[in-house]
>>> print(open('work_26.txt').read())   # compact mmCIF, C-alpha atoms
# COMPACT_ATOMS: atom_id res chain seq x y z
CA MET A 844 0.00 0.00 0.00
CA LYS A 845 1.84 3.01 -1.34
CA LEU A 846 0.19 5.45 1.06
CA LEU A 847 1.45 3.53 4.09
CA GLU A 848 4.94 3.01 2.67
CA GLU A 849 5.22 6.72 1.93
CA ARG A 850 4.09 7.56 5.44
CA ILE A 851 6.64 5.16 6.95
CA VAL A 852 9.40 6.84 4.93
CA LYS A 853 8.18 10.31 5.92
CA ASP A 854 7.44 9.84 9.62
CA GLY A 855 8.96 6.49 10.64
CA GLN A 856 12.27 6.36 12.44
CA VAL A 857 14.85 3.61 12.18
CA ARG A 858 16.63 2.87 15.43
CA PRO A 859 19.57 0.55 16.23
CA GLY A 860 18.55 -3.09 16.66
CA ASN A 861 16.20 -3.10 13.64
CA ILE A 862 13.61 -1.06 15.51
CA LEU A 863 11.14 0.88 13.36
CA LYS A 864 9.28 3.56 15.28
CA VAL A 865 5.93 4.61 13.83
CA ASP A 866 4.57 6.20 16.98
CA ALA A 867 3.74 9.42 15.12
CA PHE A 868 0.84 7.83 13.24
CA LEU A 869 0.24 4.14 14.08
CA ASN A 870 0.76 3.13 17.69
CA HIS A 871 0.92 6.12 20.05
CA GLN A 872 -0.36 9.08 18.09
CA LEU A 873 -2.94 7.81 15.58
CA ASP A 874 -3.65 9.31 12.17
CA VAL A 875 -7.30 8.39 11.80
CA ASP A 876 -7.41 9.26 8.08
CA LEU A 877 -4.59 6.83 7.43
CA LEU A 878 -6.26 4.18 9.60
CA ASP A 879 -9.42 4.68 7.61
CA GLU A 880 -7.54 4.04 4.35
CA ILE A 881 -5.98 0.94 5.92
CA GLY A 882 -9.45 -0.28 6.90
CA LYS A 883 -10.75 0.37 3.39
CA GLU A 884 -7.86 -1.62 1.91
CA PHE A 885 -8.43 -4.60 4.21
CA TYR A 886 -12.09 -4.52 3.22
CA ARG A 887 -11.16 -4.51 -0.48
CA ILE A 888 -8.97 -7.59 0.05
CA TYR A 889 -11.23 -9.64 2.38
CA LYS A 890 -14.75 -8.48 1.53
CA ASN A 891 -15.65 -11.74 -0.23
CA ASP A 892 -14.26 -14.03 2.47
CA GLY A 893 -17.34 -14.27 4.66
CA ILE A 894 -15.79 -12.41 7.60
CA ASN A 895 -18.27 -11.93 10.46
CA LYS A 896 -15.89 -10.85 13.25
CA ILE A 897 -12.61 -8.98 13.57
CA LEU A 898 -10.15 -10.17 16.20
CA THR A 899 -7.18 -8.17 17.47
CA ILE A 900 -5.08 -7.67 20.58
CA GLU A 901 -4.76 -4.60 22.77
CA ALA A 902 -3.66 -1.88 22.47
CA SER A 903 -2.66 -0.52 19.03
CA GLY A 904 -4.54 -3.22 17.14
CA ILE A 905 -7.82 -1.83 18.46
CA ALA A 906 -7.51 1.30 16.33
CA ILE A 907 -6.95 -0.60 13.08
CA ALA A 908 -9.64 -3.13 13.97
CA CYS A 909 -12.30 -0.49 14.65
CA MET A 910 -11.61 1.48 11.51
CA THR A 911 -11.71 -1.73 9.45
CA ALA A 912 -14.85 -3.07 11.14
CA ARG A 913 -16.80 -0.02 9.94
CA TYR A 914 -16.39 -1.27 6.38
CA PHE A 915 -17.30 -4.87 7.18
CA ASN A 916 -20.13 -3.89 9.54
CA VAL A 917 -19.07 -6.63 11.98
CA PRO A 918 -18.09 -6.52 15.66
CA VAL A 919 -14.51 -6.33 16.94
CA VAL A 920 -13.26 -8.43 19.81
CA PHE A 921 -9.86 -7.75 21.30
CA ALA A 922 -7.72 -10.12 23.36
CA LYS A 923 -6.43 -8.71 26.63
CA LYS A 924 -2.78 -8.97 27.57
CA ALA A 925 -3.27 -9.16 31.31
CA GLN A 926 -5.77 -11.11 33.35
CA SER A 927 -8.41 -8.50 34.16
CA LYS A 928 -10.51 -8.59 37.29
CA ASN A 929 -13.43 -7.59 35.11
CA LEU A 930 -13.12 -10.68 32.92
CA ASP A 931 -15.14 -13.56 34.24
CA GLY A 932 -16.89 -16.64 32.97
CA ASP A 933 -15.14 -19.10 30.71
CA LEU A 934 -11.92 -17.76 29.24
CA LEU A 935 -9.76 -18.71 26.30
CA THR A 936 -6.09 -18.16 27.11
CA SER A 937 -2.77 -18.61 25.35
CA THR A 938 0.78 -17.90 26.46
CA VAL A 939 2.87 -15.57 24.31
CA HIS A 940 6.60 -14.96 24.52
CA SER A 941 7.60 -11.30 24.12
CA PHE A 942 11.05 -10.78 22.61
CA THR A 943 10.82 -7.07 23.35
CA TYR A 944 10.48 -7.70 27.07
CA GLY A 945 12.12 -11.12 27.31
CA LYS A 946 9.24 -12.76 29.14
CA ASP A 947 5.99 -14.64 28.70
CA TYR A 948 2.54 -13.15 29.09
CA ASN A 949 -0.98 -14.51 28.76
CA ILE A 950 -3.58 -13.30 26.32
CA THR A 951 -7.19 -13.76 27.32
CA LEU A 952 -10.53 -13.71 25.57
CA ALA A 953 -13.99 -14.41 26.95
CA LYS A 954 -15.24 -17.65 25.39
CA LYS A 955 -18.69 -16.18 24.76
CA PHE A 956 -17.30 -13.77 22.15
CA LEU A 957 -15.68 -16.33 19.81
CA GLY A 958 -17.10 -19.63 18.62
CA PRO A 959 -17.48 -22.16 15.79
CA GLU A 960 -19.95 -19.84 14.01
CA ASP A 961 -17.25 -17.19 13.56
CA LYS A 962 -15.12 -16.57 10.50
CA VAL A 963 -12.48 -14.20 11.74
CA LEU A 964 -10.23 -11.57 10.21
CA ILE A 965 -7.26 -11.14 12.56
CA LEU A 966 -5.69 -7.67 12.45
CA ASP A 967 -2.63 -6.16 14.07
CA ASP A 968 -0.29 -3.23 13.56
CA PHE A 969 2.98 -5.18 13.44
CA LEU A 970 4.14 -8.67 12.51
CA ALA A 971 7.73 -9.67 13.28
CA VAL A 972 8.49 -13.03 14.91
CA GLY A 973 4.76 -13.69 15.06
CA LYS A 974 4.42 -14.86 18.65
CA ALA A 975 1.39 -12.68 19.44
CA MET A 976 -0.26 -13.78 16.18
CA HIS A 977 0.25 -17.44 17.07
CA GLY A 978 -1.42 -16.71 20.41
CA LEU A 979 -4.44 -15.29 18.56
CA LEU A 980 -4.51 -18.28 16.19
CA ASP A 981 -4.38 -20.60 19.19
CA VAL A 982 -7.33 -18.79 20.74
CA CYS A 983 -9.28 -19.18 17.46
CA LYS A 984 -8.47 -22.89 17.40
CA GLN A 985 -9.64 -23.34 20.99
CA ALA A 986 -12.88 -21.52 20.13
CA GLY A 987 -13.44 -23.60 17.00
CA ALA A 988 -13.51 -20.40 14.95
CA THR A 989 -12.36 -20.27 11.33
CA VAL A 990 -9.56 -17.88 10.39
CA GLY A 991 -10.66 -16.18 7.17
CA GLY A 992 -7.60 -13.99 6.89
CA ILE A 993 -4.81 -12.09 8.63
CA GLY A 994 -4.20 -8.41 7.98
CA ILE A 995 -1.08 -6.59 9.14
CA ALA A 996 -0.15 -2.95 8.69
CA ILE A 997 3.64 -3.37 8.83
CA GLU A 998 5.50 -6.67 8.52
CA LYS A 999 9.19 -6.95 9.28
CA GLY A 1000 9.99 -9.17 6.31
CA PHE A 1001 13.46 -10.02 7.64
CA GLN A 1002 11.90 -11.78 10.63
CA PRO A 1003 10.23 -15.18 10.29
CA GLY A 1004 6.60 -14.51 11.27
CA GLY A 1005 5.19 -13.71 7.82
CA ALA A 1006 6.95 -16.50 5.94
CA SER A 1007 5.84 -19.04 8.53
CA LEU A 1008 2.17 -17.97 8.37
CA ARG A 1009 2.20 -18.03 4.54
CA ALA A 1010 3.76 -21.50 4.61
CA ASP A 1011 0.93 -22.58 6.90
CA GLY A 1012 -1.54 -21.50 4.20
CA TYR A 1013 -3.10 -18.44 5.82
CA LYS A 1014 -4.34 -15.64 3.59
CA LEU A 1015 -1.96 -13.07 5.05
CA THR A 1016 -1.78 -9.50 3.79
CA SER A 1017 0.80 -7.06 5.08
CA LEU A 1018 0.18 -3.60 3.67
CA ALA A 1019 3.87 -2.73 3.95
CA ILE A 1020 6.68 -5.28 4.20
CA VAL A 1021 10.02 -3.90 5.37
CA ASP A 1022 12.76 -6.14 3.98
CA SER A 1023 15.69 -4.22 5.44
CA MET A 1024 16.62 -1.03 7.22
CA GLY A 1025 19.96 0.73 6.83
CA ASP A 1026 22.16 2.38 9.44
CA ASP A 1027 21.50 5.63 7.55
CA GLY A 1028 17.78 5.35 8.32
CA SER A 1029 16.88 4.06 4.87
CA ILE A 1030 14.05 1.54 4.51
CA GLN A 1031 13.68 -1.04 1.74
CA PHE A 1032 10.15 -2.34 1.09
CA ARG A 1033 9.30 -5.62 -0.59
CA PRO A 1034 7.64 -4.94 -3.95
CA GLN A 1035 3.97 -6.01 -3.87
CA ASP A 1036 1.14 -6.08 -6.36
CA GLU A 1037 -1.89 -4.13 -5.20
CA ASN A 1038 -4.40 -6.20 -7.12
CA MET B 230 -27.88 9.36 25.16
CA LYS B 231 -30.90 7.11 24.93
CA LEU B 232 -29.26 4.67 22.51
CA LEU B 233 -26.44 3.94 24.96
CA GLU B 234 -28.76 3.71 27.98
CA GLU B 235 -30.96 1.25 26.12
CA ARG B 236 -27.95 -0.83 25.17
CA ILE B 237 -26.71 -0.89 28.77
CA VAL B 238 -30.12 -2.13 29.91
CA LYS B 239 -30.23 -4.74 27.13
CA ASP B 240 -26.68 -6.11 27.23
CA GLY B 241 -25.07 -4.78 30.42
CA GLN B 242 -24.78 -6.99 33.47
CA VAL B 243 -24.90 -5.85 37.08
CA ARG B 244 -22.56 -7.77 39.37
CA PRO B 245 -22.09 -7.65 43.15
CA GLY B 246 -19.89 -4.79 44.32
CA ASN B 247 -21.49 -2.22 42.01
CA ILE B 248 -19.77 -3.70 38.98
CA LEU B 249 -21.38 -2.99 35.62
CA LYS B 250 -20.15 -5.26 32.86
CA VAL B 251 -20.50 -3.90 29.33
CA ASP B 252 -17.98 -6.23 27.70
CA ALA B 253 -20.51 -7.30 25.06
CA PHE B 254 -20.32 -3.94 23.27
CA LEU B 255 -17.92 -1.42 24.87
CA ASN B 256 -14.70 -2.83 26.27
CA HIS B 257 -14.00 -6.37 25.09
CA GLN B 258 -16.31 -7.00 22.18
CA LEU B 259 -16.92 -3.68 20.42
CA ASP B 260 -20.09 -2.65 18.61
CA VAL B 261 -18.63 -0.32 16.02
CA ASP B 262 -22.02 1.09 14.98
CA LEU B 263 -22.68 2.12 18.57
CA LEU B 264 -19.17 3.58 18.88
CA ASP B 265 -19.83 5.56 15.72
CA GLU B 266 -23.01 7.01 17.25
CA ILE B 267 -21.04 7.84 20.42
CA GLY B 268 -18.42 9.61 18.30
CA LYS B 269 -21.11 11.55 16.44
CA GLU B 270 -22.64 12.66 19.74
CA PHE B 271 -19.32 13.86 21.16
CA TYR B 272 -18.77 15.79 17.94
CA ARG B 273 -22.21 17.41 18.27
CA ILE B 274 -21.36 18.52 21.79
CA TYR B 275 -17.75 19.69 21.31
CA LYS B 276 -17.56 20.70 17.66
CA ASN B 277 -17.37 24.43 18.46
CA ASP B 278 -14.75 24.11 21.18
CA GLY B 279 -11.64 24.34 19.00
CA ILE B 280 -10.54 20.75 19.65
CA ASN B 281 -7.38 19.85 17.68
CA LYS B 282 -6.43 16.58 19.42
CA ILE B 283 -8.16 13.70 21.18
CA LEU B 284 -6.45 12.18 24.20
CA THR B 285 -7.32 8.84 25.73
CA ILE B 286 -5.75 5.95 27.61
CA GLU B 287 -5.27 2.38 26.47
CA ALA B 288 -7.00 0.08 25.89
CA SER B 289 -10.81 0.53 25.57
CA GLY B 290 -10.56 4.30 25.24
CA ILE B 291 -8.78 3.87 21.91
CA ALA B 292 -11.93 2.57 20.23
CA ILE B 293 -14.09 5.51 21.31
CA ALA B 294 -11.30 7.98 20.55
CA CYS B 295 -10.78 6.72 16.99
CA MET B 296 -14.46 6.68 16.13
CA THR B 297 -14.85 10.22 17.51
CA ALA B 298 -11.70 11.56 15.83
CA ARG B 299 -13.17 10.71 12.42
CA TYR B 300 -15.80 13.40 12.99
CA PHE B 301 -13.34 16.00 14.27
CA ASN B 302 -10.69 15.13 11.69
CA VAL B 303 -7.97 15.42 14.33
CA PRO B 304 -5.30 12.96 15.56
CA VAL B 305 -5.69 10.71 18.59
CA VAL B 306 -2.93 10.21 21.12
CA PHE B 307 -3.26 7.53 23.76
CA ALA B 308 -1.43 7.32 27.08
CA LYS B 309 0.24 3.99 27.77
CA LYS B 310 -0.29 2.23 31.07
CA ALA B 311 3.09 0.54 31.25
CA GLN B 312 6.52 1.87 30.49
CA SER B 313 7.17 0.56 26.98
CA LYS B 314 10.62 -0.20 25.65
CA ASN B 315 9.51 1.39 22.40
CA LEU B 316 8.80 4.72 24.06
CA ASP B 317 11.84 6.95 24.11
CA GLY B 318 12.69 10.62 24.12
CA ASP B 319 11.14 12.97 26.64
CA LEU B 320 8.14 11.49 28.42
CA LEU B 321 5.25 12.90 30.38
CA THR B 322 4.30 10.59 33.24
CA SER B 323 1.74 10.54 36.02
CA THR B 324 1.01 8.00 38.73
CA VAL B 325 -2.51 6.60 38.96
CA HIS B 326 -4.01 4.54 41.75
CA SER B 327 -6.19 1.66 40.59
CA PHE B 328 -8.97 0.73 42.97
CA THR B 329 -9.77 -2.34 40.86
CA TYR B 330 -6.29 -3.76 41.37
CA GLY B 331 -5.33 -2.03 44.62
CA LYS B 332 -2.04 -0.65 43.34
CA ASP B 333 -0.41 2.29 41.59
CA TYR B 334 0.63 2.35 37.95
CA ASN B 335 2.25 4.93 35.73
CA ILE B 336 0.72 6.40 32.60
CA THR B 337 3.14 7.65 29.97
CA LEU B 338 2.94 9.91 26.95
CA ALA B 339 5.70 11.07 24.61
CA LYS B 340 6.16 14.80 25.13
CA LYS B 341 6.36 15.45 21.39
CA PHE B 342 2.70 14.50 20.92
CA LEU B 343 1.15 17.01 23.37
CA GLY B 344 2.04 20.67 23.81
CA PRO B 345 0.82 24.23 24.52
CA GLU B 346 -0.64 24.46 21.00
CA ASP B 347 -3.10 21.66 21.75
CA LYS B 348 -6.72 21.98 22.80
CA VAL B 349 -7.65 18.52 23.88
CA LEU B 350 -10.84 16.49 24.15
CA ILE B 351 -10.18 13.72 26.67
CA LEU B 352 -12.27 10.58 26.09
CA ASP B 353 -12.69 7.36 28.03
CA ASP B 354 -15.19 4.55 28.33
CA PHE B 355 -15.75 4.74 32.10
CA LEU B 356 -15.58 7.35 34.84
CA ALA B 357 -15.91 6.25 38.46
CA VAL B 358 -13.51 7.56 41.11
CA GLY B 359 -11.68 9.45 38.38
CA LYS B 360 -8.09 8.52 39.18
CA ALA B 361 -7.15 7.69 35.57
CA MET B 362 -8.80 10.92 34.40
CA HIS B 363 -6.78 12.94 36.89
CA GLY B 364 -3.66 11.27 35.52
CA LEU B 365 -4.62 12.41 32.01
CA LEU B 366 -5.36 15.93 33.26
CA ASP B 367 -1.98 15.98 35.02
CA VAL B 368 -0.27 14.99 31.76
CA CYS B 369 -2.11 17.84 29.95
CA LYS B 370 -0.99 20.28 32.61
CA GLN B 371 2.63 19.15 32.33
CA ALA B 372 2.43 19.56 28.54
CA GLY B 373 0.87 23.02 28.82
CA ALA B 374 -2.09 21.78 26.76
CA THR B 375 -5.61 23.18 27.21
CA VAL B 376 -8.41 20.80 28.13
CA GLY B 377 -11.36 21.72 25.90
CA GLY B 378 -13.63 19.01 27.22
CA ILE B 379 -14.01 15.58 28.74
CA GLY B 380 -16.26 12.94 27.19
CA ILE B 381 -17.22 9.72 28.95
CA ALA B 382 -19.41 6.91 27.71
CA ILE B 383 -20.59 5.63 31.10
CA GLU B 384 -20.23 7.49 34.40
CA LYS B 385 -20.89 5.83 37.72
CA GLY B 386 -22.77 8.74 39.20
CA PHE B 387 -22.65 7.27 42.70
CA GLN B 388 -18.86 7.57 42.73
CA PRO B 389 -17.15 10.95 43.14
CA GLY B 390 -15.22 11.36 39.87
CA GLY B 391 -17.87 13.20 37.86
CA ALA B 392 -18.99 15.59 40.60
CA SER B 393 -15.40 16.52 41.36
CA LEU B 394 -14.56 17.27 37.72
CA ARG B 395 -17.72 19.36 37.29
CA ALA B 396 -16.87 21.29 40.47
CA ASP B 397 -13.45 21.99 38.97
CA GLY B 398 -15.19 23.62 36.00
CA TYR B 399 -14.48 21.09 33.26
CA LYS B 400 -16.98 20.72 30.42
CA LEU B 401 -17.70 17.07 31.21
CA THR B 402 -20.24 15.05 29.28
CA SER B 403 -21.15 11.51 30.27
CA LEU B 404 -23.47 9.95 27.72
CA ALA B 405 -24.99 7.70 30.35
CA ILE B 406 -24.84 8.31 34.10
CA VAL B 407 -25.69 5.33 36.28
CA ASP B 408 -26.99 6.64 39.60
CA SER B 409 -27.67 3.27 41.17
CA MET B 410 -27.82 -0.43 40.46
CA GLY B 411 -30.12 -2.85 42.25
CA ASP B 412 -29.46 -6.36 43.51
CA ASP B 413 -32.09 -7.48 41.00
CA GLY B 414 -29.92 -6.21 38.13
CA SER B 415 -31.93 -3.03 37.66
CA ILE B 416 -30.13 0.16 36.60
CA GLN B 417 -31.24 3.73 37.35
CA PHE B 418 -29.93 6.42 35.03
CA ARG B 419 -29.68 10.11 35.90
CA PRO B 420 -32.13 12.08 33.72
CA GLN B 421 -30.24 14.29 31.28
CA ASP B 422 -31.20 16.83 28.65
CA GLU B 423 -29.85 15.98 25.24
CA ASN B 424 -29.60 19.56 24.04
>>> encode(input="work_26.txt", output="structure tokens")
Amino acid sequence: MKLLEERIVKDGQVRPGNILKVDAFLNHQLDVDLLDEIGKEFYRIYKNDGINKILTIEASGIAIACMTARYFNVPVVFAKKAQSKNLDGDLLTSTVHSFTYGKDYNITLAKKFLGPEDKVLILDDFLAVGKAMHGLLDVCKQAGATVGGIGIAIEKGFQPGGASLRADGYKLTSLAIVDSMGDDGSIQFRPQDEN
Amino acid sequence: MKLLEERIVKDGQVRPGNILKVDAFLNHQLDVDLLDEIGKEFYRIYKNDGINKILTIEASGIAIACMTARYFNVPVVFAKKAQSKNLDGDLLTSTVHSFTYGKDYNITLAKKFLGPEDKVLILDDFLAVGKAMHGLLDVCKQAGATVGGIGIAIEKGFQPGGASLRADGYKLTSLAIVDSMGDDGSIQFRPQDEN
């Protein structure tokens, strides 16, 4: 998606350790016009896939999920990263390893909001190693829900998450795939058809 | 806002300890049509107040903030509840006491996203004691930003947060104010003009 790639070049910041900061528009400050275009693009790609629910994980994924759900006219459900006192009833849980923080955490979803009748579009802002995504897929499997597609704003193409999910046969779309970042702050995107 | 009150009656659940669960549509599963109507209503109320930024706090606030920001055509910035490794540069921080969890936590916002040029609409899903809201107001004060208004989906009118903020002179709008909840699951709303 050219619009997103251009925005990453304009306002993203490359930091040592292959860190790409997009906090100016995607995961701290939010450009709602851009999110709306992202939602429109996910709808264009998945509109014929029978999606009846959008699944994401707090916090940044919620913004993309809501703006996309407007186009699909379906509910969003977001997994929580910490056990909340206000979650009760039967819960779906999965353990996720965070490389950023070097520890495991649990993601949690109330069982009543995901079931065998659901065909889910899973959305998130970033895909790198893919541990959080595998937690969401595990939750879908426990619920008996079908995964209709996976939509990512920015994939780090030099990390294994995307390749692994494609090899597993998921319909994965990353609107921008960063293949490498230079010490000079340059960013190389993987060429993609937008058809 | 009648639509929200009706939805609370229909899908909200009263639990012992004055807990009101609205996870079916507001803070776990999200009804995006309802959020859109909430956003439209906040725009109706604050559209002439010179708002140029919407401030909220992760996680549920992000959904309301994004849907409202579409109407204002302004960016959202959300405070983070945990120190993130991906936050750097100068930070605004404030300590918030959580009654739900019985402990303090820090909220954090990158200084570059809030400043004296900003007139802010602060949005959140719930207002009860108001500790998180006071953290957001503290962050605005540190940034030199002006608070143009505060918008809440559901206020627990029997807790002191709302009265205190109104006494302080803030233009606070809570779309539904729950004045009491009965052991039988009944909910009494405070009558409000919608003008």
>>> atom_distance(input="work_26.txt", atom1="atom CA of A:Leu873", atom2="atom CA of B:Ala357")
26.3 Å
>>> atom_distance(input="work_26.txt", atom1="atom CA of B:Pro245", atom2="atom CA of B:Glu384")
17.6 Å
>>> atom_distance(input="work_26.txt", atom1="atom CA of A:Thr911", atom2="atom CA of A:Ile881")
7.2 Å
>>> interface_residues(input="work_26.txt", of="chain B", to="chain A", cutoff="7 Å", atoms="all atoms listed in the file", output="list in words")
His257, Gln258, Leu259, Asp260, Val261, Glu287, Ala288, Ile291, Ala292, Cys295, Ala298, Arg299, Pro304, Val305, Val306, Phe307 and Phe342 of chain B
>>> closest_residue(input="work_26.txt", among="B:Val243, B:Leu320, B:Ala382, B:Val349", to="B:Cys369", atoms="only C-alpha atoms")
B:Val349
>>> residues_around(input="work_26.txt", residues="stretch 936-941 of chain A", least_positions_apart="5", cutoff="10 Å", atoms="all atoms listed in the file", output="list in words")
Ala922, Lys923, Lys924, Gln926, Lys946, Asp947, Tyr948, Asn949, Ile950, Thr951, Leu952, Ala953, Lys954, Val972, Gly973, Lys974, Ala975, Met976, His977, Gly978, Leu979, Leu980, Asp981, Val982 and Gln985 of chain A
>>> axis_aligned_box(input="work_26.txt", around="stretch 956-961 of chain A", padding_each_side="3 Å", output="lines of an AutoDock Vina configuration file")
center_x = -17.8
center_y = -18.0
center_z = 17.9
size_x = 10.3
size_y = 14.4
size_z = 14.6
>>> residues_around(input="work_26.txt", residues="B:Leu352", least_positions_apart="5", cutoff="6 Å", atoms="all atoms listed in the file", output="compact mmCIF listing (two decimals) with C-alpha atoms, in the coordinates of the input")
# COMPACT_ATOMS: atom_id res chain seq x y z
CA THR B 285 -7.32 8.84 25.73
CA ILE B 379 -14.01 15.58 28.74
CA GLY B 380 -16.26 12.94 27.19
CA ILE B 381 -17.22 9.72 28.95
>>> closest_residue(input="work_26.txt", among="A:Ala1006, A:Gly893, A:Gly992, A:Gly1000", to="A:Ala1019", atoms="all atoms listed in the file")
A:Gly1000
>>> closest_residue(input="work_26.txt", among="B:Arg395, B:Arg244, B:Lys370, B:Lys269", to="B:Met410", atoms="all atoms listed in the file")
B:Arg244
>>> residues_near_point(input="work_26.txt", point="(2.8, 8.1, 5.9)", cutoff="10 Å", atoms="all atoms listed in the file", output="ChimeraX atom specification")
/A:845-855,865,867-869,874,877
>>> decode(input="work_26.txt", residues="stretch 248-309 of chain B", atoms="C-alpha atoms", output="PDB file, in the first residue's frame")
ATOM      1  CA  ILE B 248     -19.768  -3.695  38.980  1.00  0.00           C
ATOM      2  CA  LEU B 249     -21.380  -2.987  35.624  1.00  0.00           C
ATOM      3  CA  LYS B 250     -20.148  -5.257  32.857  1.00  0.00           C
ATOM      4  CA  VAL B 251     -20.498  -3.899  29.335  1.00  0.00           C
ATOM      5  CA  ASP B 252     -17.982  -6.233  27.703  1.00  0.00           C
ATOM      6  CA  ALA B 253     -20.510  -7.296  25.061  1.00  0.00           C
ATOM      7  CA  PHE B 254     -20.324  -3.943  23.274  1.00  0.00           C
ATOM      8  CA  LEU B 255     -17.925  -1.422  24.866  1.00  0.00           C
ATOM      9  CA  ASN B 256     -14.697  -2.832  26.273  1.00  0.00           C
ATOM     10  CA  HIS B 257     -14.003  -6.366  25.095  1.00  0.00           C
ATOM     11  CA  GLN B 258     -16.309  -7.000  22.184  1.00  0.00           C
ATOM     12  CA  LEU B 259     -16.918  -3.679  20.424  1.00  0.00           C
ATOM     13  CA  ASP B 260     -20.092  -2.649  18.607  1.00  0.00           C
ATOM     14  CA  VAL B 261     -18.627  -0.318  16.022  1.00  0.00           C
ATOM     15  CA  ASP B 262     -22.023   1.088  14.984  1.00  0.00           C
ATOM     16  CA  LEU B 263     -22.676   2.121  18.574  1.00  0.00           C
ATOM     17  CA  LEU B 264     -19.169   3.576  18.884  1.00  0.00           C
ATOM     18  CA  ASP B 265     -19.827   5.556  15.718  1.00  0.00           C
ATOM     19  CA  GLU B 266     -23.011   7.012  17.253  1.00  0.00           C
ATOM     20  CA  ILE B 267     -21.045   7.841  20.415  1.00  0.00           C
ATOM     21  CA  GLY B 268     -18.425   9.605  18.301  1.00  0.00           C
ATOM     22  CA  LYS B 269     -21.113  11.552  16.444  1.00  0.00           C
ATOM     23  CA  GLU B 270     -22.643  12.662  19.739  1.00  0.00           C
ATOM     24  CA  PHE B 271     -19.322  13.863  21.163  1.00  0.00           C
ATOM     25  CA  TYR B 272     -18.774  15.789  17.936  1.00  0.00           C
ATOM     26  CA  ARG B 273     -22.206  17.407  18.269  1.00  0.00           C
ATOM     27  CA  ILE B 274     -21.360  18.520  21.795  1.00  0.00           C
ATOM     28  CA  TYR B 275     -17.751  19.693  21.315  1.00  0.00           C
ATOM     29  CA  LYS B 276     -17.562  20.697  17.658  1.00  0.00           C
ATOM     30  CA  ASN B 277     -17.373  24.425  18.455  1.00  0.00           C
ATOM     31  CA  ASP B 278     -14.747  24.106  21.176  1.00  0.00           C
ATOM     32  CA  GLY B 279     -11.640  24.341  19.003  1.00  0.00           C
ATOM     33  CA  ILE B 280     -10.540  20.754  19.649  1.00  0.00           C
ATOM     34  CA  ASN B 281      -7.384  19.848  17.680  1.00  0.00           C
ATOM     35  CA  LYS B 282      -6.432  16.582  19.422  1.00  0.00           C
ATOM     36  CA  ILE B 283      -8.161  13.705  21.181  1.00  0.00           C
ATOM     37  CA  LEU B 284      -6.451  12.176  24.200  1.00  0.00           C
ATOM     38  CA  THR B 285      -7.325   8.835  25.731  1.00  0.00           C
ATOM     39  CA  ILE B 286      -5.751   5.947  27.611  1.00  0.00           C
ATOM     40  CA  GLU B 287      -5.265   2.375  26.472  1.00  0.00           C
ATOM     41  CA  ALA B 288      -7.002   0.076  25.885  1.00  0.00           C
ATOM     42  CA  SER B 289     -10.807   0.530  25.567  1.00  0.00           C
ATOM     43  CA  GLY B 290     -10.561   4.305  25.240  1.00  0.00           C
ATOM     44  CA  ILE B 291      -8.784   3.869  21.908  1.00  0.00           C
ATOM     45  CA  ALA B 292     -11.932   2.568  20.231  1.00  0.00           C
ATOM     46  CA  ILE B 293     -14.089   5.513  21.313  1.00  0.00           C
ATOM     47  CA  ALA B 294     -11.304   7.981  20.546  1.00  0.00           C
ATOM     48  CA  CYS B 295     -10.779   6.722  16.992  1.00  0.00           C
ATOM     49  CA  MET B 296     -14.464   6.685  16.128  1.00  0.00           C
ATOM     50  CA  THR B 297     -14.846  10.215  17.510  1.00  0.00           C
ATOM     51  CA  ALA B 298     -11.696  11.558  15.831  1.00  0.00           C
ATOM     52  CA  ARG B 299     -13.171  10.711  12.420  1.00  0.00           C
ATOM     53  CA  TYR B 300     -15.800  13.401  12.986  1.00  0.00           C
ATOM     54  CA  PHE B 301     -13.340  16.001  14.275  1.00  0.00           C
ATOM     55  CA  ASN B 302     -10.686  15.127  11.689  1.00  0.00           C
ATOM     56  CA  VAL B 303      -7.966  15.420  14.332  1.00  0.00           C
ATOM     57  CA  PRO B 304      -5.302  12.958  15.564  1.00  0.00           C
ATOM     58  CA  VAL B 305      -5.687  10.707  18.586  1.00  0.00           C
ATOM     59  CA  VAL B 306      -2.928  10.210  21.122  1.00  0.00           C
ATOM     60  CA  PHE B 307      -3.259   7.533  23.759  1.00  0.00           C
ATOM     61  CA  ALA B 308      -1.428   7.322  27.078  1.00  0.00           C
ATOM     62  CA  LYS B 309       0.235   3.989  27.774  1.00  0.00           C
TER      63      LYS B 309
END
